[in-house]
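Data block for protein-v7.cif (mmCIF, C-alpha atoms and all ligand atoms):
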data_model
loop_
_atom_site.group_PDB
_atom_site.id
_atom_site.type_symbol
_atom_site.label_atom_id
_atom_site.label_comp_id
_atom_site.auth_asym_id
_atom_site.auth_seq_id
_atom_site.Cartn_x
_atom_site.Cartn_y
_atom_site.Cartn_z
ATOM 1 C CA PRO J 30 18.272 -211.557 -24.971
ATOM 2 C CA THR J 31 14.907 -209.916 -25.651
ATOM 3 C CA PRO J 32 14.790 -206.132 -26.094
ATOM 4 C CA ASP J 33 13.031 -205.987 -22.739
ATOM 5 C CA THR J 34 16.027 -207.676 -21.099
ATOM 6 C CA TRP J 35 18.781 -205.588 -22.593
ATOM 7 C CA ARG J 36 16.890 -202.322 -22.121
ATOM 8 C CA ARG J 37 16.434 -203.186 -18.446
ATOM 9 C CA VAL J 38 20.130 -204.024 -18.179
ATOM 10 C CA ASP J 39 21.074 -200.771 -19.914
ATOM 11 C CA THR J 40 18.944 -198.782 -17.461
ATOM 12 C CA TYR J 41 20.427 -200.738 -14.559
ATOM 13 C CA LEU J 42 24.022 -200.131 -15.644
ATOM 14 C CA THR J 43 23.373 -196.487 -16.515
ATOM 15 C CA GLU J 44 21.816 -195.754 -13.141
ATOM 16 C CA LEU J 45 24.564 -197.593 -11.254
ATOM 17 C CA LEU J 46 27.603 -196.401 -13.140
ATOM 18 C CA VAL J 47 26.855 -193.303 -15.208
ATOM 19 C CA GLY J 48 24.784 -191.191 -12.854
ATOM 20 C CA HIS J 49 23.414 -187.770 -13.706
ATOM 21 C CA ASP J 50 25.006 -184.697 -15.220
ATOM 22 C CA PRO J 51 22.725 -181.690 -15.813
ATOM 23 C CA GLY J 52 24.972 -180.437 -18.630
ATOM 24 C CA LEU J 53 24.711 -183.704 -20.528
ATOM 25 C CA GLU J 54 21.012 -184.162 -19.875
ATOM 26 C CA ARG J 55 20.185 -180.595 -20.921
ATOM 27 C CA ALA J 56 22.208 -181.075 -24.120
ATOM 28 C CA VAL J 57 20.044 -184.046 -25.114
ATOM 29 C CA GLU J 58 16.841 -182.112 -24.318
ATOM 30 C CA GLU J 59 17.944 -179.111 -26.372
ATOM 31 C CA GLN J 60 19.006 -181.348 -29.246
ATOM 32 C CA ASN J 61 15.626 -183.125 -29.216
ATOM 33 C CA ASP J 62 13.679 -179.857 -28.916
ATOM 34 C CA ALA J 63 15.568 -178.498 -31.917
ATOM 35 C CA GLY J 64 14.477 -181.518 -33.948
ATOM 36 C CA LEU J 65 17.966 -182.978 -34.401
ATOM 37 C CA PRO J 66 18.049 -186.765 -34.794
ATOM 38 C CA ALA J 67 18.413 -188.689 -31.529
ATOM 39 C CA ILE J 68 21.609 -190.393 -32.686
ATOM 40 C CA GLU J 69 23.956 -189.252 -29.934
ATOM 41 C CA VAL J 70 25.807 -192.093 -28.190
ATOM 42 C CA ALA J 71 24.106 -193.859 -25.284
ATOM 43 C CA PRO J 72 25.117 -192.719 -21.782
ATOM 44 C CA VAL J 73 27.109 -195.918 -21.128
ATOM 45 C CA ASN J 74 28.942 -195.337 -24.420
ATOM 46 C CA GLY J 75 29.611 -191.670 -23.640
ATOM 47 C CA LYS J 76 31.119 -192.719 -20.351
ATOM 48 C CA LEU J 77 33.292 -195.259 -22.174
ATOM 49 C CA LEU J 78 34.670 -192.495 -24.411
ATOM 50 C CA HIS J 79 35.270 -190.372 -21.336
ATOM 51 C CA LEU J 80 37.086 -193.138 -19.450
ATOM 52 C CA LEU J 81 39.213 -194.124 -22.454
ATOM 53 C CA ALA J 82 40.269 -190.492 -22.841
ATOM 54 C CA ARG J 83 41.279 -190.386 -19.186
ATOM 55 C CA MET J 84 43.017 -193.781 -19.363
ATOM 56 C CA ALA J 85 44.975 -192.508 -22.359
ATOM 57 C CA GLY J 86 45.859 -189.304 -20.503
ATOM 58 C CA ALA J 87 44.476 -187.407 -23.481
ATOM 59 C CA ARG J 88 45.060 -183.646 -23.504
ATOM 60 C CA ARG J 89 44.150 -183.065 -27.145
ATOM 61 C CA VAL J 90 41.029 -184.754 -28.474
ATOM 62 C CA LEU J 91 39.601 -184.645 -31.984
ATOM 63 C CA GLU J 92 35.963 -185.460 -32.654
ATOM 64 C CA ILE J 93 34.498 -185.775 -36.145
ATOM 65 C CA GLY J 94 30.713 -185.268 -35.986
ATOM 66 C CA THR J 95 29.504 -182.968 -33.185
ATOM 67 C CA LEU J 96 25.705 -183.077 -33.601
ATOM 68 C CA GLY J 97 24.417 -181.474 -30.338
ATOM 69 C CA ALA J 98 27.745 -181.972 -28.492
ATOM 70 C CA TYR J 99 26.583 -184.791 -26.196
ATOM 71 C CA SER J 100 29.726 -186.889 -26.754
ATOM 72 C CA THR J 101 31.768 -183.679 -26.975
ATOM 73 C CA ILE J 102 30.791 -182.811 -23.397
ATOM 74 C CA TRP J 103 31.789 -186.299 -22.250
ATOM 75 C CA LEU J 104 35.186 -185.876 -23.926
ATOM 76 C CA ALA J 105 35.648 -182.310 -22.677
ATOM 77 C CA ARG J 106 35.011 -183.499 -19.120
ATOM 78 C CA ALA J 107 37.882 -185.981 -19.577
ATOM 79 C CA VAL J 108 40.662 -183.591 -20.582
ATOM 80 C CA PRO J 109 42.729 -181.895 -17.888
ATOM 81 C CA GLU J 110 43.042 -178.159 -17.262
ATOM 82 C CA GLY J 111 44.603 -176.663 -20.386
ATOM 83 C CA GLY J 112 43.374 -179.558 -22.535
ATOM 84 C CA ARG J 113 41.454 -179.086 -25.751
ATOM 85 C CA VAL J 114 38.720 -180.786 -27.774
ATOM 86 C CA VAL J 115 38.448 -179.886 -31.448
ATOM 87 C CA THR J 116 35.128 -181.042 -32.885
ATOM 88 C CA ILE J 117 34.074 -180.894 -36.532
ATOM 89 C CA GLU J 118 30.446 -180.332 -37.551
ATOM 90 C CA ALA J 119 29.214 -180.021 -41.126
ATOM 91 C CA GLU J 120 25.837 -178.487 -40.293
ATOM 92 C CA PRO J 121 25.991 -174.852 -39.034
ATOM 93 C CA ARG J 122 22.646 -175.143 -37.227
ATOM 94 C CA ASN J 123 23.895 -178.183 -35.297
ATOM 95 C CA ALA J 124 27.061 -176.270 -34.439
ATOM 96 C CA ASP J 125 24.979 -173.412 -32.957
ATOM 97 C CA ILE J 126 23.052 -175.841 -30.765
ATOM 98 C CA ALA J 127 26.268 -177.602 -29.809
ATOM 99 C CA ARG J 128 27.947 -174.315 -28.862
ATOM 100 C CA ALA J 129 25.092 -173.378 -26.514
ATOM 101 C CA ASN J 130 25.118 -176.866 -24.971
ATOM 102 C CA LEU J 131 28.875 -176.695 -24.382
ATOM 103 C CA GLU J 132 28.610 -173.275 -22.715
ATOM 104 C CA ARG J 133 25.760 -174.455 -20.480
ATOM 105 C CA ALA J 134 27.779 -177.550 -19.520
ATOM 106 C CA GLY J 135 30.673 -175.293 -18.498
ATOM 107 C CA VAL J 136 33.182 -176.655 -21.015
ATOM 108 C CA GLY J 137 32.919 -173.993 -23.738
ATOM 109 C CA ASP J 138 36.407 -172.702 -22.914
ATOM 110 C CA ARG J 139 38.093 -175.974 -23.829
ATOM 111 C CA VAL J 140 36.138 -176.914 -26.962
ATOM 112 C CA GLU J 141 36.662 -175.528 -30.435
ATOM 113 C CA ILE J 142 33.949 -176.251 -32.995
ATOM 114 C CA ARG J 143 35.106 -176.213 -36.619
ATOM 115 C CA VAL J 144 32.181 -175.864 -38.984
ATOM 116 C CA GLY J 145 32.569 -177.628 -42.312
ATOM 117 C CA ARG J 146 32.790 -181.031 -43.874
ATOM 118 C CA GLY J 147 35.401 -183.273 -42.308
ATOM 119 C CA ALA J 148 37.262 -183.712 -45.573
ATOM 120 C CA ASP J 149 37.649 -179.913 -45.839
ATOM 121 C CA VAL J 150 38.396 -179.109 -42.194
ATOM 122 C CA LEU J 151 40.801 -181.965 -41.385
ATOM 123 C CA PRO J 152 43.626 -180.771 -43.674
ATOM 124 C CA THR J 153 43.542 -177.381 -41.889
ATOM 125 C CA LEU J 154 44.499 -179.130 -38.626
ATOM 126 C CA GLU J 155 47.819 -180.315 -40.019
ATOM 127 C CA GLY J 156 50.944 -178.905 -38.411
ATOM 128 C CA GLY J 157 49.486 -178.640 -34.907
ATOM 129 C CA GLU J 158 50.348 -180.796 -31.914
ATOM 130 C CA PRO J 159 49.203 -184.391 -32.459
ATOM 131 C CA PHE J 160 45.851 -185.519 -31.094
ATOM 132 C CA ASP J 161 45.916 -188.092 -28.298
ATOM 133 C CA LEU J 162 42.439 -189.431 -29.023
ATOM 134 C CA VAL J 163 40.176 -189.290 -32.064
ATOM 135 C CA PHE J 164 36.454 -190.107 -32.048
ATOM 136 C CA ILE J 165 34.884 -190.685 -35.478
ATOM 137 C CA ASP J 166 31.081 -190.371 -35.548
ATOM 138 C CA ALA J 167 30.055 -188.542 -38.716
ATOM 139 C CA ASP J 168 28.935 -189.583 -42.219
ATOM 140 C CA LYS J 169 29.816 -193.261 -42.413
ATOM 141 C CA GLU J 170 30.605 -193.060 -46.133
ATOM 142 C CA SER J 171 33.745 -191.074 -45.200
ATOM 143 C CA ASN J 172 35.073 -193.376 -42.456
ATOM 144 C CA THR J 173 38.207 -194.348 -44.401
ATOM 145 C CA ILE J 174 39.011 -190.682 -45.055
ATOM 146 C CA TYR J 175 38.548 -189.929 -41.363
ATOM 147 C CA LEU J 176 40.699 -192.894 -40.312
ATOM 148 C CA ASP J 177 43.456 -191.753 -42.642
ATOM 149 C CA TRP J 178 43.363 -188.305 -41.024
ATOM 150 C CA ALA J 179 43.251 -189.821 -37.541
ATOM 151 C CA ALA J 180 46.536 -191.575 -38.282
ATOM 152 C CA ARG J 181 48.050 -188.450 -39.844
ATOM 153 C CA LEU J 182 46.956 -186.102 -37.061
ATOM 154 C CA GLY J 183 47.779 -188.611 -34.330
ATOM 155 C CA ARG J 184 51.023 -190.237 -33.220
ATOM 156 C CA PRO J 185 52.020 -193.726 -32.149
ATOM 157 C CA GLY J 186 49.833 -194.327 -29.102
ATOM 158 C CA THR J 187 46.853 -192.266 -30.243
ATOM 159 C CA VAL J 188 43.535 -193.923 -29.415
ATOM 160 C CA VAL J 189 40.970 -193.964 -32.219
ATOM 161 C CA MET J 190 37.324 -194.862 -31.760
ATOM 162 C CA VAL J 191 34.737 -195.295 -34.482
ATOM 163 C CA ASP J 192 31.044 -195.250 -33.558
ATOM 164 C CA ASN J 193 28.379 -197.362 -35.271
ATOM 165 C CA ALA J 194 30.588 -200.311 -36.142
ATOM 166 C CA VAL J 195 27.791 -202.892 -36.308
ATOM 167 C CA ARG J 196 24.551 -201.149 -37.412
ATOM 168 C CA GLY J 197 22.095 -203.773 -36.233
ATOM 169 C CA GLY J 198 24.257 -206.554 -37.674
ATOM 170 C CA GLU J 199 24.200 -205.243 -41.240
ATOM 171 C CA VAL J 200 27.979 -204.786 -41.098
ATOM 172 C CA ALA J 201 28.355 -208.537 -41.640
ATOM 173 C CA ASN J 202 26.171 -208.498 -44.765
ATOM 174 C CA PRO J 203 28.574 -208.660 -47.725
ATOM 175 C CA ALA J 204 25.707 -208.012 -50.185
ATOM 176 C CA THR J 205 24.558 -204.739 -48.636
ATOM 177 C CA GLU J 206 23.973 -201.862 -51.029
ATOM 178 C CA ASN J 207 23.498 -199.297 -48.255
ATOM 179 C CA PRO J 208 26.307 -196.741 -48.735
ATOM 180 C CA GLN J 209 26.516 -196.074 -44.984
ATOM 181 C CA ILE J 210 26.997 -199.769 -44.193
ATOM 182 C CA ILE J 211 29.531 -200.060 -46.995
ATOM 183 C CA GLY J 212 31.349 -197.086 -45.444
ATOM 184 C CA VAL J 213 31.450 -198.839 -42.076
ATOM 185 C CA GLN J 214 32.723 -202.025 -43.733
ATOM 186 C CA ARG J 215 35.477 -200.151 -45.604
ATOM 187 C CA GLY J 216 36.542 -198.478 -42.360
ATOM 188 C CA LEU J 217 36.784 -201.785 -40.500
ATOM 189 C CA GLU J 218 38.654 -203.376 -43.425
ATOM 190 C CA MET J 219 41.114 -200.478 -43.269
ATOM 191 C CA LEU J 220 41.580 -200.963 -39.518
ATOM 192 C CA GLY J 221 42.342 -204.639 -40.152
ATOM 193 C CA ARG J 222 44.748 -204.067 -43.009
ATOM 194 C CA ASP J 223 46.424 -200.682 -42.614
ATOM 195 C CA PRO J 224 49.738 -201.104 -40.773
ATOM 196 C CA ARG J 225 49.229 -197.768 -39.018
ATOM 197 C CA PHE J 226 46.518 -199.323 -36.806
ATOM 198 C CA ASP J 227 45.943 -202.194 -34.419
ATOM 199 C CA ALA J 228 42.244 -202.547 -33.705
ATOM 200 C CA THR J 229 39.275 -204.458 -32.399
ATOM 201 C CA ALA J 230 35.524 -203.849 -32.358
ATOM 202 C CA LEU J 231 32.791 -204.684 -29.886
ATOM 203 C CA GLN J 232 29.087 -205.232 -30.425
ATOM 204 C CA THR J 233 26.959 -203.097 -28.135
ATOM 205 C CA LEU J 234 23.347 -203.315 -26.955
ATOM 206 C CA ASP J 235 22.356 -200.147 -25.195
ATOM 207 C CA ALA J 236 19.809 -197.326 -25.215
ATOM 208 C CA LYS J 237 20.555 -196.873 -28.933
ATOM 209 C CA GLY J 238 19.888 -200.500 -29.824
ATOM 210 C CA TYR J 239 22.227 -203.024 -31.424
ATOM 211 C CA ASP J 240 25.368 -201.405 -32.749
ATOM 212 C CA GLY J 241 29.074 -201.397 -31.938
ATOM 213 C CA ILE J 242 32.253 -199.483 -31.468
ATOM 214 C CA ALA J 243 35.675 -199.984 -32.996
ATOM 215 C CA VAL J 244 38.704 -199.174 -30.864
ATOM 216 C CA ALA J 245 42.100 -198.760 -32.470
ATOM 217 C CA LEU J 246 45.596 -197.780 -31.519
ATOM 218 C CA VAL J 247 47.866 -195.860 -33.872
ATOM 219 C CA VAL J 248 51.078 -197.895 -33.883
HETATM 220 C C1 LIG B 301 23.185 -192.701 -37.405
HETATM 221 C C2 LIG B 301 24.396 -192.092 -37.196
HETATM 222 C C3 LIG B 301 25.041 -192.246 -35.991
HETATM 223 O O1 LIG B 301 26.245 -191.692 -35.740
HETATM 224 C C4 LIG B 301 24.493 -193.017 -34.984
HETATM 225 O O2 LIG B 301 25.153 -193.137 -33.823
HETATM 226 C C5 LIG B 301 23.267 -193.643 -35.203
HETATM 227 C C6 LIG B 301 22.625 -193.484 -36.420
HETATM 228 C C7 LIG B 301 22.482 -192.524 -38.698
HETATM 229 O O3 LIG B 301 22.988 -191.793 -39.539
HETATM 230 O O4 LIG B 301 21.429 -193.108 -38.873
HETATM 231 MG MG MG B 302 27.141 -192.451 -34.009
#
What would you get if you wrote out this structure as structure tokens?
Ligand code: DHB
Ligand code: MG
Amino acid sequence: PTPDTWRRVDTYLTELLVGHDPGLERAVEEQNDAGLPAIEVAPVNGKLLHLLARMAGARRVLEIGTLGAYSTIWLARAVPEGGRVVTIEAEPRNADIARANLERAGVGDRVEIRVGRGADVLPTLEGGEPFDLVFIDADKESNTIYLDWAARLGRPGTVVMVDNAVRGGEVANPATENPQIIGVQRGLEMLGRDPRFDATALQTLDAKGYDGIAVALVV
């Protein structure tokens, strides 16, 4: 398909199935106005995260990589009363923007932002109740570290999703020297090989272009 075709289809599907949410739309505006990169998930992808969380009956959700909290709001809208989303953000300025966006969206009470690098914050979450769903969308170089923690902080049945699984097709380039792509490749290899997971991945063409999402179950 030409970009014109899949962009039209993305708009069509988004208008039909995603609809409008002032909290989500304001979060994107604030993130853009603050000069953060426009790398939040596409609306159709945010809704997928939201639906998977509801399908899984998730009460405790872990997100690695908050940015402006766009996907965080989607996940927070999926957890029931008394549920919780813990989201990890390395950049304090992003966390401030995310906090304001969460409050404006009316989900500030159920979201906890932990500021710090994933590799430092994740060990501090040990010993709590297991997470029912984990969404990994941070520095790609650390995907295997994040997957290891997803398995450790989850339980059999935990749903794990990894954003940016395809990166414009570069994921299938074995000669790549891009450390982010190599990180994505190592993560997918781990999902294929590590007996703690059963996984698949889908290519996606949406408002964010050609990328993909990996979906795994902790077994
Ligand atoms: C980048 C990171 C993301 O998580 C994403 O969804 C798109 C792009 C990036 O670092 O370029
Ligand atoms: Mg991403």
Checklist line | Residue nearest ligand LIG 301 (chain B) among J:Gly221, J:Gly145, J:Pro32, J:Gly212 (counting only C-alpha atoms and all ligand atoms) | finding: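 Of all the options, J:Gly212 lies closest to ligand LIG 301 (chain B).
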Next item on the list: Any chance you could resolve the PyMOL selection byres (((not hetatm)) within 8 of (chain B and resi 301)) against this file and give the residues as an MDAnalysis selection string?
Entry: chainID J and resid 67:70 94 166:169 192:193 196 209 237
Given the selection you just returned, output its residues as a file containing C-alpha atoms, formatted as a PDB file, in the coordinates of the input.
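Contents of the output file out_24.pdb:
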ATOM      1  CA  ALA J  67      18.413-188.689 -31.529  1.00  0.00           C
ATOM      2  CA  ILE J  68      21.609-190.393 -32.686  1.00  0.00           C
ATOM      3  CA  GLU J  69      23.956-189.252 -29.934  1.00  0.00           C
ATOM      4  CA  VAL J  70      25.807-192.093 -28.190  1.00  0.00           C
ATOM      5  CA  GLY J  94      30.713-185.268 -35.986  1.00  0.00           C
ATOM      6  CA  ASP J 166      31.081-190.371 -35.548  1.00  0.00           C
ATOM      7  CA  ALA J 167      30.055-188.542 -38.716  1.00  0.00           C
ATOM      8  CA  ASP J 168      28.935-189.583 -42.219  1.00  0.00           C
ATOM      9  CA  LYS J 169      29.816-193.261 -42.413  1.00  0.00           C
ATOM     10  CA  ASP J 192      31.044-195.250 -33.558  1.00  0.00           C
ATOM     11  CA  ASN J 193      28.379-197.362 -35.271  1.00  0.00           C
ATOM     12  CA  ARG J 196      24.551-201.149 -37.412  1.00  0.00           C
ATOM     13  CA  GLN J 209      26.516-196.074 -44.984  1.00  0.00           C
ATOM     14  CA  LYS J 237      20.555-196.873 -28.933  1.00  0.00           C
TER      15      LYS J 237
END
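For the pair atom CA of J:Ala127 and atom CA of J:Ile102, the interatomic distance is 9.4 Å.
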Next item on the list: Please measure the separation of atom CA of J:Val163 and atom CA of J:Pro208, giving the value in Å to one decimal.
Entry: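 Calculated distance between atom CA of J:Val163 and atom CA of J:Pro208 is 22.9 Å.
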Item checked: Residue nearest J:Leu91 among J:Leu162, J:Val150, J:Val73, J:Leu217 (counting only C-alpha atoms) -> J:Leu162
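Proximity ranking of J:Val191, J:Thr43, J:Val244, J:Leu151 relative to ligand MG 302 (chain B) places J:Val191 first, based on all atoms listed in the file.
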Report as CSV: every residue of stretch 58-173 of chain J with an atom at most 12 Å from stretch 179-190 of chain J, its closest pair of atoms, and their distance in Å to one decimal, counting all atoms listed in the file, with rows sorted by chain and ascending residue number.
residue,atom,partner,partner_atom,distance
J:Asn74,CA,J:Met190,CA,11.2
J:Gly75,CA,J:Met190,CA,11.6
J:Leu77,CA,J:Met190,CA,10.4
J:Leu78,CA,J:Met190,CA,8.2
J:His79,CA,J:Met190,CA,11.5
J:Leu80,CA,J:Val188,CA,11.9
J:Leu81,CA,J:Val188,CA,8.2
J:Ala82,CA,J:Val188,CA,8.1
J:Arg83,CA,J:Val188,CA,11.1
J:Met84,CA,J:Val188,CA,10.1
J:Ala85,CA,J:Val188,CA,7.3
J:Gly86,CA,J:Thr187,CA,10.2
J:Ala87,CA,J:Thr187,CA,8.7
J:Arg88,CA,J:Thr187,CA,11.1
J:Arg89,CA,J:Gly183,CA,9.8
J:Val90,CA,J:Val188,CA,9.6
J:Leu91,CA,J:Ala179,CA,8.4
J:Glu92,CA,J:Met190,CA,9.5
J:Ile93,CA,J:Ala179,CA,9.7
J:Val115,CA,J:Leu182,CA,11.9
J:Gly147,CA,J:Ala179,CA,11.3
J:Ala148,CA,J:Ala179,CA,11.7
J:Leu151,CA,J:Leu182,CA,8.6
J:Pro152,CA,J:Leu182,CA,9.1
J:Thr153,CA,J:Leu182,CA,10.5
J:Leu154,CA,J:Leu182,CA,7.6
J:Glu155,CA,J:Leu182,CA,6.6
J:Gly156,CA,J:Leu182,CA,8.3
J:Gly157,CA,J:Leu182,CA,8.2
J:Glu158,CA,J:Leu182,CA,8.1
J:Pro159,CA,J:Gly183,CA,4.8
J:Phe160,CA,J:Gly183,CA,4.9
J:Asp161,CA,J:Thr187,CA,4.7
J:Leu162,CA,J:Val188,CA,4.6
J:Val163,CA,J:Val189,CA,4.7
J:Phe164,CA,J:Met190,CA,4.8
J:Ile165,CA,J:Met190,CA,6.1
J:Asp166,CA,J:Met190,CA,8.6
J:Ala167,CA,J:Met190,CA,11.9
J:Asn172,CA,J:Ala179,CA,10.2
J:Thr173,CA,J:Ala179,CA,9.6
Any chance you could export the current selection's C-alpha atoms as a PDB file, in the coordinates of the input?
ATOM      1  CA  ASN J  74      28.942-195.337 -24.420  1.00  0.00           C
ATOM      2  CA  GLY J  75      29.611-191.670 -23.640  1.00  0.00           C
ATOM      3  CA  LEU J  77      33.292-195.259 -22.174  1.00  0.00           C
ATOM      4  CA  LEU J  78      34.670-192.495 -24.411  1.00  0.00           C
ATOM      5  CA  HIS J  79      35.270-190.372 -21.336  1.00  0.00           C
ATOM      6  CA  LEU J  80      37.086-193.138 -19.450  1.00  0.00           C
ATOM      7  CA  LEU J  81      39.213-194.124 -22.454  1.00  0.00           C
ATOM      8  CA  ALA J  82      40.269-190.492 -22.841  1.00  0.00           C
ATOM      9  CA  ARG J  83      41.279-190.386 -19.186  1.00  0.00           C
ATOM     10  CA  MET J  84      43.017-193.781 -19.363  1.00  0.00           C
ATOM     11  CA  ALA J  85      44.975-192.508 -22.359  1.00  0.00           C
ATOM     12  CA  GLY J  86      45.859-189.304 -20.503  1.00  0.00           C
ATOM     13  CA  ALA J  87      44.476-187.407 -23.481  1.00  0.00           C
ATOM     14  CA  ARG J  88      45.060-183.646 -23.504  1.00  0.00           C
ATOM     15  CA  ARG J  89      44.150-183.065 -27.145  1.00  0.00           C
ATOM     16  CA  VAL J  90      41.029-184.754 -28.474  1.00  0.00           C
ATOM     17  CA  LEU J  91      39.601-184.645 -31.984  1.00  0.00           C
ATOM     18  CA  GLU J  92      35.963-185.460 -32.654  1.00  0.00           C
ATOM     19  CA  ILE J  93      34.498-185.775 -36.145  1.00  0.00           C
ATOM     20  CA  VAL J 115      38.448-179.886 -31.448  1.00  0.00           C
ATOM     21  CA  GLY J 147      35.401-183.273 -42.308  1.00  0.00           C
ATOM     22  CA  ALA J 148      37.262-183.712 -45.573  1.00  0.00           C
ATOM     23  CA  LEU J 151      40.801-181.965 -41.385  1.00  0.00           C
ATOM     24  CA  PRO J 152      43.626-180.771 -43.674  1.00  0.00           C
ATOM     25  CA  THR J 153      43.542-177.381 -41.889  1.00  0.00           C
ATOM     26  CA  LEU J 154      44.499-179.130 -38.626  1.00  0.00           C
ATOM     27  CA  GLU J 155      47.819-180.315 -40.019  1.00  0.00           C
ATOM     28  CA  GLY J 156      50.944-178.905 -38.411  1.00  0.00           C
ATOM     29  CA  GLY J 157      49.486-178.640 -34.907  1.00  0.00           C
ATOM     30  CA  GLU J 158      50.348-180.796 -31.914  1.00  0.00           C
ATOM     31  CA  PRO J 159      49.203-184.391 -32.459  1.00  0.00           C
ATOM     32  CA  PHE J 160      45.851-185.519 -31.094  1.00  0.00           C
ATOM     33  CA  ASP J 161      45.916-188.092 -28.298  1.00  0.00           C
ATOM     34  CA  LEU J 162      42.439-189.431 -29.023  1.00  0.00           C
ATOM     35  CA  VAL J 163      40.176-189.290 -32.064  1.00  0.00           C
ATOM     36  CA  PHE J 164      36.454-190.107 -32.048  1.00  0.00           C
ATOM     37  CA  ILE J 165      34.884-190.685 -35.478  1.00  0.00           C
ATOM     38  CA  ASP J 166      31.081-190.371 -35.548  1.00  0.00           C
ATOM     39  CA  ALA J 167      30.055-188.542 -38.716  1.00  0.00           C
ATOM     40  CA  ASN J 172      35.073-193.376 -42.456  1.00  0.00           C
ATOM     41  CA  THR J 173      38.207-194.348 -44.401  1.00  0.00           C
TER      42      THR J 173
END
Item checked: Distance of atom CA of J:Glu199 from atom CA of J:Lys76, expressed in Å to one decimal place ->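 Atom CA of J:Glu199 lies 25.3 Å from atom CA of J:Lys76.
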Note to self: Restricting the calculation to all atoms listed in the file: of J:Ala230, J:Ala119, J:Met219, J:Ala71, which residue gets closest to J:Asp39?
What the structure shows: J:Ala71
Next item on the list: Could you check which of J:Thr205, J:Ile211, J:Glu132, J:Val200 is closest to J:Ser171, using all atoms listed in the file?
Entry: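 Going through J:Thr205, J:Ile211, J:Glu132, J:Val200 one by one, the smallest distance to J:Ser171 is for J:Ile211.
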Spatial neighbours of J:Asp50, 12 Å, only C-alpha atoms, chain gap at least 4 places, as a PDB file with C-alpha atoms, in the coordinates of the input:
ATOM      1  CA  THR J  43      23.373-196.487 -16.515  1.00  0.00           C
ATOM      2  CA  GLU J  44      21.816-195.754 -13.141  1.00  0.00           C
ATOM      3  CA  GLU J  54      21.012-184.162 -19.875  1.00  0.00           C
ATOM      4  CA  ARG J  55      20.185-180.595 -20.921  1.00  0.00           C
ATOM      5  CA  ALA J  56      22.208-181.075 -24.120  1.00  0.00           C
ATOM      6  CA  VAL J  57      20.044-184.046 -25.114  1.00  0.00           C
ATOM      7  CA  PRO J  72      25.117-192.719 -21.782  1.00  0.00           C
ATOM      8  CA  GLY J  75      29.611-191.670 -23.640  1.00  0.00           C
ATOM      9  CA  LYS J  76      31.119-192.719 -20.351  1.00  0.00           C
ATOM     10  CA  TYR J  99      26.583-184.791 -26.196  1.00  0.00           C
ATOM     11  CA  ILE J 102      30.791-182.811 -23.397  1.00  0.00           C
ATOM     12  CA  TRP J 103      31.789-186.299 -22.250  1.00  0.00           C
ATOM     13  CA  ARG J 106      35.011-183.499 -19.120  1.00  0.00           C
ATOM     14  CA  ARG J 133      25.760-174.455 -20.480  1.00  0.00           C
ATOM     15  CA  ALA J 134      27.779-177.550 -19.520  1.00  0.00           C
ATOM     16  CA  GLY J 135      30.673-175.293 -18.498  1.00  0.00           C
TER      17      GLY J 135
END
Margin query: Evaluated on this file, the PyMOL selection byres (((chain J and resi 141) around 9) and not hetatm) picks out some residues - which ones are they, written as a list in words?
Written below: Arg113, Val114, Val115, Thr116, Ile117, Arg128, Gly137, Asp138, Arg139, Val140, Ile142 and Arg143 of chain J
Item checked: Distance criterion (only C-alpha atoms and all ligand atoms): nearest to ligand MG 302 (chain B) out of J:Asp240, J:Leu53, J:Val247, J:Ile174 -> J:Asp240
Next item on the list: In the coordinate frame of the file, compute which residues have an atom within 10 Å of (28.9, -203.3, -30.2) when using all atoms listed in the file, and state them as a PyMOL selection string.
Entry: chain J and resi 74+192-198+230-235+238-243
With 6 Å added on each side, what axis-aligned box encloses every listed atom of stretch 31-46 of chain J? Give the centre and edge lengths in Å to one decimal, as lines of an AutoDock Vina configuration file.
center_x = 20.3
center_y = -202.8
center_z = -18.7
size_x = 26.6
size_y = 26.2
size_z = 26.8
Export: stretch 184-191 of chain J, N, CA and C atoms, as a PDB file, in the first residue's frame:
ATOM      1  N   ARG J 184       3.702 -12.793  36.724  1.00  0.00           N
ATOM      2  CA  ARG J 184       3.294 -14.118  37.216  1.00  0.00           C
ATOM      3  C   ARG J 184       2.848 -14.885  35.982  1.00  0.00           C
ATOM      4  N   PRO J 185       2.690 -16.187  36.073  1.00  0.00           N
ATOM      5  CA  PRO J 185       2.145 -16.888  34.909  1.00  0.00           C
ATOM      6  C   PRO J 185       0.805 -16.249  34.531  1.00  0.00           C
ATOM      7  N   GLY J 186       0.663 -15.860  33.294  1.00  0.00           N
ATOM      8  CA  GLY J 186      -0.559 -15.195  32.846  1.00  0.00           C
ATOM      9  C   GLY J 186      -0.389 -13.705  32.610  1.00  0.00           C
ATOM     10  N   THR J 187       0.714 -13.142  33.089  1.00  0.00           N
ATOM     11  CA  THR J 187       0.957 -11.711  32.845  1.00  0.00           C
ATOM     12  C   THR J 187       1.150 -11.452  31.350  1.00  0.00           C
ATOM     13  N   VAL J 188       0.514 -10.396  30.881  1.00  0.00           N
ATOM     14  CA  VAL J 188       0.624  -9.981  29.477  1.00  0.00           C
ATOM     15  C   VAL J 188       1.752  -8.963  29.367  1.00  0.00           C
ATOM     16  N   VAL J 189       2.643  -9.176  28.404  1.00  0.00           N
ATOM     17  CA  VAL J 189       3.758  -8.257  28.195  1.00  0.00           C
ATOM     18  C   VAL J 189       3.696  -7.738  26.759  1.00  0.00           C
ATOM     19  N   MET J 190       3.784  -6.430  26.607  1.00  0.00           N
ATOM     20  CA  MET J 190       3.825  -5.850  25.278  1.00  0.00           C
ATOM     21  C   MET J 190       5.078  -5.014  25.116  1.00  0.00           C
ATOM     22  N   VAL J 191       5.688  -5.116  23.944  1.00  0.00           N
ATOM     23  CA  VAL J 191       6.888  -4.335  23.660  1.00  0.00           C
ATOM     24  C   VAL J 191       6.622  -3.499  22.416  1.00  0.00           C
TER      25      VAL J 191
END
